[in-house]
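Below: the structure, in structure tokens.
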Amino acid sequence: MKILFVCLGNICRSPLAEGIARDLVAKNKLDIIVDSCGTSGWHIDEAPDRRSIVVAKNHGIDISDLRGRQISPYVDLEWDYYIVMDESNKRDLLNMGFDENKIIKLGHFGADNRDVPDPYTYRDLEGFERVFNMIETCVKNLLSNKLKK
Ligand code: 4NP
């Protein structure tokens, strides 16, 4: 199975989701390929936001070698699922022509299908910590129920 995590910038939320998923895949020897990308091209080739790197590191996960990339409606057709962080990401993918049946909000795997809030303008690490915990819970559920809806 191939899962692509998608947010706006690919420097805050989706690299966290990718890092958490990579960690679970490695530890549990799952046959799942994961990657992440942004709907925008604002942070291409950039490392994740320093605050995401720090929060992930505090949880034992190194995301410092990930680099930003923009989703392509031509190249990124082969993914089984596009796991988006919020409604805006979903709208953007639909506008690019991606298959609606393959687009699922990460919050679907949490308690109440909430958007994962964009933490970019947060002033401290507390918000990033909240976002990490929300993403971690949802990614664990996603991988454990193998995307059964
Ligand atoms: P992300 O957060 O979508 O979780 O990576 C953002 C990163 C950068 C910007 C917005 C959101 N930005 O406006 O540059």
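Lettering and numbering for the structure tokens are positional, with chains as A, B, ... in the shown order, residues counted from 1 in each chain, and ligands counted from 1 in the shown order.
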Closest contacts (chain A/ligand 1, max 6 Å, only C-alpha atoms and all ligand atoms) as a Markdown table:
| residue | atom | partner | partner_atom_place_in_ligand_line | distance |
| --- | --- | --- | --- | --- |
| A:Cys7 | CA | ligand 1 | 3 (O) | 4.3 |
| A:Leu8 | CA | ligand 1 | 3 (O) | 3.4 |
| A:Gly9 | CA | ligand 1 | 5 (O) | 3.5 |
| A:Asn10 | CA | ligand 1 | 5 (O) | 4.0 |
| A:Ile11 | CA | ligand 1 | 5 (O) | 3.9 |
| A:Cys12 | CA | ligand 1 | 4 (O) | 3.8 |
| A:Arg13 | CA | ligand 1 | 4 (O) | 3.7 |
| A:Asp118 | CA | ligand 1 | 4 (O) | 5.2 |
| A:Tyr120 | CA | ligand 1 | 6 (C) | 4.8 |
Expected file: the selected residues, C-alpha atoms, as a PDB file, in the first residue's frame:
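result_15.pdb, freshly written:
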ATOM      1  CA  CYS A   7      -0.688  19.597   3.722  1.00  0.00           C
ATOM      2  CA  LEU A   8      -0.241  23.140   2.419  1.00  0.00           C
ATOM      3  CA  GLY A   9       3.481  23.817   2.848  1.00  0.00           C
ATOM      4  CA  ASN A  10       4.969  20.340   3.473  1.00  0.00           C
ATOM      5  CA  ILE A  11       7.080  21.761   6.282  1.00  0.00           C
ATOM      6  CA  CYS A  12       4.865  21.540   9.405  1.00  0.00           C
ATOM      7  CA  ARG A  13       2.082  18.914   9.454  1.00  0.00           C
ATOM      8  CA  ASP A 118      -2.230  24.748  10.448  1.00  0.00           C
ATOM      9  CA  TYR A 120       2.599  27.761  10.959  1.00  0.00           C
TER      10      TYR A 120
END
Distance query A:Leu142 at most 12 Å, only C-alpha atoms, self and fewer than 2 positions along chain excluded, as a ChimeraX atom specification:
/A:3,5,17,20-21,24-25,32,81,83,104-110,135-140,144-149
Could you please take those selected residues and save N, CA, C and O atoms as an mmCIF file, in the first residue's frame?
data_model
loop_
_atom_site.group_PDB
_atom_site.id
_atom_site.type_symbol
_atom_site.label_atom_id
_atom_site.label_comp_id
_atom_site.auth_asym_id
_atom_site.auth_seq_id
_atom_site.Cartn_x
_atom_site.Cartn_y
_atom_site.Cartn_z
ATOM 1 N N ILE A 3 0.851 5.404 0.679
ATOM 2 C CA ILE A 3 0.094 6.494 1.307
ATOM 3 C C ILE A 3 0.866 7.803 1.183
ATOM 4 O O ILE A 3 2.040 7.872 1.560
ATOM 5 N N PHE A 5 0.877 11.696 2.442
ATOM 6 C CA PHE A 5 0.326 12.691 3.362
ATOM 7 C C PHE A 5 0.466 14.076 2.728
ATOM 8 O O PHE A 5 1.528 14.419 2.197
ATOM 9 N N ALA A 17 3.468 13.752 9.964
ATOM 10 C CA ALA A 17 2.713 12.528 9.661
ATOM 11 C C ALA A 17 3.619 11.498 8.980
ATOM 12 O O ALA A 17 3.586 10.310 9.318
ATOM 13 N N ILE A 20 6.120 10.042 11.614
ATOM 14 C CA ILE A 20 5.450 9.126 12.548
ATOM 15 C C ILE A 20 5.111 7.821 11.835
ATOM 16 O O ILE A 20 5.319 6.722 12.364
ATOM 17 N N ALA A 21 4.606 7.924 10.605
ATOM 18 C CA ALA A 21 4.232 6.720 9.851
ATOM 19 C C ALA A 21 5.469 5.891 9.517
ATOM 20 O O ALA A 21 5.466 4.664 9.651
ATOM 21 N N LEU A 24 6.477 3.911 12.534
ATOM 22 C CA LEU A 24 5.583 2.768 12.800
ATOM 23 C C LEU A 24 5.781 1.657 11.770
ATOM 24 O O LEU A 24 5.763 0.467 12.103
ATOM 25 N N VAL A 25 5.977 2.050 10.518
ATOM 26 C CA VAL A 25 6.182 1.069 9.450
ATOM 27 C C VAL A 25 7.457 0.270 9.714
ATOM 28 O O VAL A 25 7.474 -0.959 9.602
ATOM 29 N N ILE A 32 4.184 -0.931 3.739
ATOM 30 C CA ILE A 32 3.510 0.316 3.369
ATOM 31 C C ILE A 32 4.561 1.355 2.996
ATOM 32 O O ILE A 32 5.548 1.535 3.714
ATOM 33 N N TYR A 81 -3.817 6.178 -1.333
ATOM 34 C CA TYR A 81 -4.578 7.148 -0.540
ATOM 35 C C TYR A 81 -3.831 8.457 -0.414
ATOM 36 O O TYR A 81 -2.606 8.470 -0.269
ATOM 37 N N ILE A 83 -3.822 11.368 2.121
ATOM 38 C CA ILE A 83 -4.313 11.681 3.462
ATOM 39 C C ILE A 83 -4.053 13.164 3.729
ATOM 40 O O ILE A 83 -2.902 13.572 3.945
ATOM 41 N N ILE A 104 -8.711 11.170 1.880
ATOM 42 C CA ILE A 104 -9.305 11.019 3.215
ATOM 43 C C ILE A 104 -8.633 12.013 4.155
ATOM 44 O O ILE A 104 -7.409 12.185 4.125
ATOM 45 N N LYS A 105 -9.454 12.672 4.957
ATOM 46 C CA LYS A 105 -8.885 13.581 5.955
ATOM 47 C C LYS A 105 -8.282 12.771 7.095
ATOM 48 O O LYS A 105 -8.904 11.819 7.575
ATOM 49 N N LEU A 106 -7.067 13.159 7.533
ATOM 50 C CA LEU A 106 -6.402 12.423 8.614
ATOM 51 C C LEU A 106 -7.303 12.342 9.845
ATOM 52 O O LEU A 106 -7.338 11.322 10.534
ATOM 53 N N GLY A 107 -8.038 13.427 10.109
ATOM 54 C CA GLY A 107 -8.921 13.460 11.277
ATOM 55 C C GLY A 107 -10.019 12.402 11.242
ATOM 56 O O GLY A 107 -10.640 12.110 12.262
ATOM 57 N N HIS A 108 -10.261 11.818 10.083
ATOM 58 C CA HIS A 108 -11.218 10.710 9.966
ATOM 59 C C HIS A 108 -10.823 9.559 10.880
ATOM 60 O O HIS A 108 -11.673 8.799 11.349
ATOM 61 N N PHE A 109 -9.511 9.467 11.126
ATOM 62 C CA PHE A 109 -8.997 8.379 11.960
ATOM 63 C C PHE A 109 -8.859 8.794 13.423
ATOM 64 O O PHE A 109 -8.277 8.074 14.225
ATOM 65 N N GLY A 110 -9.388 9.983 13.748
ATOM 66 C CA GLY A 110 -9.409 10.436 15.134
ATOM 67 C C GLY A 110 -10.823 10.331 15.673
ATOM 68 O O GLY A 110 -11.643 9.567 15.153
ATOM 69 N N ILE A 135 -1.826 14.235 15.292
ATOM 70 C CA ILE A 135 -1.368 13.493 14.114
ATOM 71 C C ILE A 135 -0.963 12.074 14.508
ATOM 72 O O ILE A 135 -1.310 11.096 13.833
ATOM 73 N N GLU A 136 -0.254 11.955 15.635
ATOM 74 C CA GLU A 136 0.207 10.627 16.064
ATOM 75 C C GLU A 136 -0.959 9.673 16.311
ATOM 76 O O GLU A 136 -0.957 8.520 15.856
ATOM 77 N N THR A 137 -1.975 10.155 17.031
ATOM 78 C CA THR A 137 -3.155 9.324 17.307
ATOM 79 C C THR A 137 -3.793 8.859 16.009
ATOM 80 O O THR A 137 -4.108 7.670 15.832
ATOM 81 N N CYS A 138 -3.975 9.790 15.084
ATOM 82 C CA CYS A 138 -4.665 9.457 13.826
ATOM 83 C C CYS A 138 -3.832 8.521 12.953
ATOM 84 O O CYS A 138 -4.366 7.586 12.351
ATOM 85 N N VAL A 139 -2.520 8.763 12.881
ATOM 86 C CA VAL A 139 -1.673 7.901 12.039
ATOM 87 C C VAL A 139 -1.636 6.486 12.617
ATOM 88 O O VAL A 139 -1.697 5.501 11.873
ATOM 89 N N LYS A 140 -1.579 6.377 13.950
ATOM 90 C CA LYS A 140 -1.601 5.039 14.566
ATOM 91 C C LYS A 140 -2.899 4.318 14.214
ATOM 92 O O LYS A 140 -2.890 3.141 13.858
ATOM 93 N N SER A 144 -3.313 0.982 11.892
ATOM 94 C CA SER A 144 -3.771 -0.241 12.554
ATOM 95 C C SER A 144 -5.063 -0.755 11.937
ATOM 96 O O SER A 144 -5.284 -1.954 11.892
ATOM 97 N N ASN A 145 -5.892 0.119 11.404
ATOM 98 C CA ASN A 145 -7.112 -0.467 10.788
ATOM 99 C C ASN A 145 -7.004 -0.515 9.268
ATOM 100 O O ASN A 145 -7.982 -0.733 8.563
ATOM 101 N N LYS A 146 -5.761 -0.310 8.750
ATOM 102 C CA LYS A 146 -5.471 -0.490 7.329
ATOM 103 C C LYS A 146 -6.471 0.226 6.430
ATOM 104 O O LYS A 146 -6.889 -0.293 5.399
ATOM 105 N N LEU A 147 -6.861 1.419 6.868
ATOM 106 C CA LEU A 147 -7.694 2.282 6.040
ATOM 107 C C LEU A 147 -9.101 1.765 5.772
ATOM 108 O O LEU A 147 -9.742 2.187 4.840
ATOM 109 N N LYS A 148 -9.571 0.846 6.604
ATOM 110 C CA LYS A 148 -10.991 0.435 6.477
ATOM 111 C C LYS A 148 -11.852 1.597 6.943
ATOM 112 O O LYS A 148 -11.635 2.140 8.002
ATOM 113 N N LYS A 149 -12.840 1.980 6.145
ATOM 114 C CA LYS A 149 -13.673 3.123 6.537
ATOM 115 C C LYS A 149 -14.875 2.669 7.349
ATOM 116 O O LYS A 149 -15.331 1.571 7.230
#
Using the chain letters and numbers from this document, which residues of stretch 9-147 of chain A does DSSP assign to strand (DSSP E), as a short mmCIF file (atom, residue, chain, number, x, y, z; two decimals) with N, CA and C atoms, in the first residue's frame?
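The resulting result36.cif:
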data_model
loop_
_atom_site.label_atom_id
_atom_site.label_comp_id
_atom_site.auth_asym_id
_atom_site.auth_seq_id
_atom_site.Cartn_x
_atom_site.Cartn_y
_atom_site.Cartn_z
N ILE A 33 4.35 2.00 1.86
CA ILE A 33 5.24 3.08 1.42
C ILE A 33 4.59 4.41 1.79
N VAL A 34 5.36 5.31 2.40
CA VAL A 34 4.80 6.61 2.76
C VAL A 34 5.67 7.75 2.23
N ASP A 35 5.00 8.86 1.95
CA ASP A 35 5.70 10.07 1.54
C ASP A 35 4.80 11.23 1.94
N SER A 36 5.32 12.46 1.79
CA SER A 36 4.47 13.63 2.05
C SER A 36 4.78 14.71 1.04
N CYS A 37 3.85 15.64 0.90
CA CYS A 37 4.06 16.75 -0.03
C CYS A 37 3.09 17.87 0.32
N GLY A 38 3.28 19.01 -0.34
CA GLY A 38 2.41 20.16 -0.11
C GLY A 38 1.58 20.46 -1.35
N TYR A 81 -3.82 6.18 -1.33
CA TYR A 81 -4.58 7.15 -0.54
C TYR A 81 -3.83 8.46 -0.41
N TYR A 82 -4.59 9.55 -0.48
CA TYR A 82 -4.07 10.89 -0.25
C TYR A 82 -4.67 11.33 1.09
N ILE A 83 -3.82 11.37 2.12
CA ILE A 83 -4.31 11.68 3.46
C ILE A 83 -4.05 13.16 3.73
N VAL A 84 -5.12 13.96 3.70
CA VAL A 84 -4.98 15.41 3.81
C VAL A 84 -5.21 15.87 5.25
N ILE A 103 -9.15 10.33 -1.41
CA ILE A 103 -8.77 11.44 -0.53
C ILE A 103 -9.50 11.28 0.81
N ILE A 104 -8.71 11.17 1.88
CA ILE A 104 -9.31 11.02 3.22
C ILE A 104 -8.63 12.01 4.15
N LYS A 105 -9.45 12.67 4.96
CA LYS A 105 -8.88 13.58 5.96
C LYS A 105 -8.28 12.77 7.10
#
Residues at most 8 Å from A:Asp92, counting only C-alpha atoms, excluding those fewer than 4 positions away in the same chain, as number ranges by chain?
A: 39, 88, 96
Could you check how far atom CA of A:Trp79 sits from atom CA of A:Leu4, in Å to one decimal?
6.5 Å
One number please: atom CA of A:Phe98 to atom CA of A:Val6, in Å, one decimal.
12.4 Å
Of the listed residues A:Ser40, A:Asn141, A:Ser52, A:Asn89, that which approaches A:Ser72 most closely, counting only C-alpha atoms
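Between A:Ser40, A:Asn141, A:Ser52, A:Asn89, the residue approaching A:Ser72 most closely is A:Ser40.
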Residue with the minimum atom-to-atom distance to A:Phe132, picked from A:Val54, A:Leu93, A:Ala111, A:Leu66 with only C-alpha atoms counted, is A:Val54
Using DSSP assignments from the backbone, pull out every residue in chain A that falls under alpha helix (DSSP H) and give it to me as a ChimeraX atom specification.
/A:13-28,50-58,87-95,125-144
Name the closest residue to A:Pro48 among the candidates A:Tyr122, A:Gly60, A:Ser14, A:Asn113; distances are taken between atoms, counting only C-alpha atoms.
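Among the listed residues, the smallest separation from A:Pro48 belongs to A:Ser14.
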Pick out the residues sitting within 8 Å of A:Pro117, and hand them over as a count of residues only; count only C-alpha atoms, and ignore anything fewer than 3 positions along from it in its own chain.
3
In terms of the shortest atom-to-atom distance over only C-alpha atoms, which of A:Leu16, A:Leu125, A:Val75, A:Val116 is closest to A:Ala56?
A:Leu16
